[in-house]
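Visitor: Pasting in a structure now, in structure tokens, and then I'll have a few things to ask.
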Amino acid sequence: MNIGSVIRKYRKEAGLTQEEMANRLGVTAPAVNKWENGNSNPDIELLAPIARLLRISLDTLMSFREGLTLSEIGDIVRQIDSMFETEEFEKVYEWALGRIKEYPNCNMLIWQIAVMLDARRTTGACTEPEKYDTQINLWYETALEDENEKIKHYAADSLFGFYLRKKEYAKAEEYLRYFSDHDPRKKLYLGRLYEEQGKTKEAYEILETALFCEHQTLISTYLSLIRLAMEEEDIEKAYILTEKMGVIAGTFAPGQHKDCSFPADTAGAENRVEGIYRAVEQILQTINGSYDFQKSEIFHHMKFCNPECSYAQDAETAVLHLAGRIGAGSWWIENKKRTCMNKIKLMSIMKKKPKAENLQSWSKTVERYAPDMYDLLYGIGRKDSLKKVDELHPELVLLLSATDGNLQEGRQMVKEIKQLSSRTMVFVVFDMLDDEEEVFGEYKEAGAYKCYTSPASMDALFHDMYVALNME
């Protein structure tokens, strides 16, 4: 922190205006303004008078003691905590105030001291708790201005609680803007805010929404852990994780997972693998729509704006990937392929039937660059490909060398795909082009999502497909 920032900070704490400070020092108000904005520095002979006026040391004024390590901060915090065992609040407060003046630029220390004093004064350790409102609030606001996002977030959290206790609800809500919309605590705090204001319906809705979102996150996390365990051939761990996932799923969909427990004949490793797949499949059938969460008492107040959540499709694909990696019985994989083709993510269209070695090479490429993206279907030729697009409405179609020199035919193929399935994204890979920019423009006008020239960068191609499918 530069000297101007220090002057501004302690001038405000002293309750002085720039003009009042200027009068005391025998300078003009614009001069003080320039110091605080960093446009100029006070003359050396003014440093001692400024420090005395602001009641700080020259070390503090010159920021000689800029910051502290986390270990040093911890030592000070423990000392404050220890002092509360034997000293009155006022004495501890004065000692803590001295540490802040000693390290005025260490916002982590300022925030932690503010939290400790705030907590003690509201739990009976202080006879006049409101006397310290202004100072504690000022410390929180100081920490809120820190460049470190972590400290800023801590301060916003504390300020929300500060104003919630004082029933200044509008002010408390202002500090929630420092929380990401994806942070579950934002929904939790909004629920508390609504509850305090007597808005019971709104509180229920936001808290149920938070619960539902975390339920989805938990299931996805368990799926990933199960997959990792199976890839390491740790069947016992995968077995335990699947049991736990079933308990969570049953909590949110009561009565739907009573049959998720594994039968007695799953003692062998092979049978356990089959049991894991069956249990995961049952759980995902619930997520995928067999259970109406809107009928659950847990989510009675929540509004379901998009019942066909893409999360369910991602979860379905995750299980297929799980099965493919470990080599579950072919009956299971083939059955899943038949039952979830309408949820296919990637469909490859080729001009003509490729040689077996080329097809195998392409499958390995997909597995290498995008193990979570399933290339479950190939379309060979225009008629066969368009028929499958019309039946299955894949989320993404990859047109591989389908033009074969006939650019007009390729553009027509893109148009027909979009006419049959408007939501399908079409990626086109060309063998060779003379005027790449012009051709790409024509294909995008026809409805292509993105175009590439072979040999295209596989990393870039699959990265773009992942982004398009919201899979990153």
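As shown in the structure tokens, the chain order sets the letters A, B, ...; within each chain, residues go from 1, and ligands are also counted from 1 in the order they appear.
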Excluding range 242-245 of chain A and its own-chain neighbours fewer than 3 positions away, which residues fall within 7 Å of it when counting only C-alpha atoms? Please give them as number ranges by chain.

Guide: A: 219, 222, 226, 238-239, 248-249, 261, 276, 280

Visitor: How about saving the chosen residues, N, CA, C and O atoms kept, as a PDB file, in the first residue's frame?

Guide:
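Output contents, as saved in again-v1.pdb:
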ATOM      1  N   ILE A 219     -24.158 -37.238  -7.449  1.00  0.00           N
ATOM      2  CA  ILE A 219     -24.293 -38.423  -8.295  1.00  0.00           C
ATOM      3  C   ILE A 219     -23.201 -38.440  -9.363  1.00  0.00           C
ATOM      4  O   ILE A 219     -22.564 -39.467  -9.614  1.00  0.00           O
ATOM      5  N   TYR A 222     -19.893 -39.389  -7.750  1.00  0.00           N
ATOM      6  CA  TYR A 222     -19.825 -40.829  -7.469  1.00  0.00           C
ATOM      7  C   TYR A 222     -19.584 -41.632  -8.747  1.00  0.00           C
ATOM      8  O   TYR A 222     -18.820 -42.602  -8.760  1.00  0.00           O
ATOM      9  N   ILE A 226     -16.504 -44.141  -9.258  1.00  0.00           N
ATOM     10  CA  ILE A 226     -16.727 -45.558  -9.598  1.00  0.00           C
ATOM     11  C   ILE A 226     -15.919 -45.916 -10.842  1.00  0.00           C
ATOM     12  O   ILE A 226     -15.277 -46.971 -10.911  1.00  0.00           O
ATOM     13  N   ALA A 238     -15.234 -49.905  -5.933  1.00  0.00           N
ATOM     14  CA  ALA A 238     -16.340 -49.538  -6.824  1.00  0.00           C
ATOM     15  C   ALA A 238     -17.665 -50.037  -6.265  1.00  0.00           C
ATOM     16  O   ALA A 238     -18.697 -49.359  -6.356  1.00  0.00           O
ATOM     17  N   TYR A 239     -17.635 -51.213  -5.677  1.00  0.00           N
ATOM     18  CA  TYR A 239     -18.820 -51.828  -5.071  1.00  0.00           C
ATOM     19  C   TYR A 239     -19.346 -50.958  -3.928  1.00  0.00           C
ATOM     20  O   TYR A 239     -20.539 -50.650  -3.843  1.00  0.00           O
ATOM     21  N   ILE A 248     -27.706 -42.195  -1.571  1.00  0.00           N
ATOM     22  CA  ILE A 248     -27.971 -40.790  -1.892  1.00  0.00           C
ATOM     23  C   ILE A 248     -29.133 -40.669  -2.854  1.00  0.00           C
ATOM     24  O   ILE A 248     -30.037 -39.846  -2.667  1.00  0.00           O
ATOM     25  N   ALA A 249     -29.131 -41.503  -3.895  1.00  0.00           N
ATOM     26  CA  ALA A 249     -30.222 -41.448  -4.869  1.00  0.00           C
ATOM     27  C   ALA A 249     -31.556 -41.758  -4.205  1.00  0.00           C
ATOM     28  O   ALA A 249     -32.572 -41.125  -4.489  1.00  0.00           O
ATOM     29  N   SER A 261     -29.794 -52.715  -3.473  1.00  0.00           N
ATOM     30  CA  SER A 261     -28.847 -53.523  -2.706  1.00  0.00           C
ATOM     31  C   SER A 261     -28.454 -54.730  -3.545  1.00  0.00           C
ATOM     32  O   SER A 261     -29.263 -55.281  -4.278  1.00  0.00           O
ATOM     33  N   ILE A 276     -22.616 -54.086 -10.029  1.00  0.00           N
ATOM     34  CA  ILE A 276     -22.349 -52.643 -10.048  1.00  0.00           C
ATOM     35  C   ILE A 276     -23.048 -52.005 -11.235  1.00  0.00           C
ATOM     36  O   ILE A 276     -23.729 -50.984 -11.102  1.00  0.00           O
ATOM     37  N   VAL A 280     -26.007 -49.174 -10.981  1.00  0.00           N
ATOM     38  CA  VAL A 280     -25.812 -47.850 -11.577  1.00  0.00           C
ATOM     39  C   VAL A 280     -26.871 -47.582 -12.636  1.00  0.00           C
ATOM     40  O   VAL A 280     -27.428 -46.485 -12.727  1.00  0.00           O
TER      41      VAL A 280
END

Visitor: If we count only C-alpha atoms and set the cut-off at 12 Å, which residues sit around Arg52 in chain A, ignoring sequence neighbours fewer than 4 positions away in its own chain? Please answer as a list of chain:residue names.

Guide: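 Listed by chain and then number, they are A:Ile7, A:Tyr10, A:Arg11, A:Ala14, A:Met21, A:Arg24, A:Leu25, A:Leu46, A:Leu47, A:Ala48, A:Ile56, A:Ser57, A:Leu58, A:Thr60, A:Leu61.
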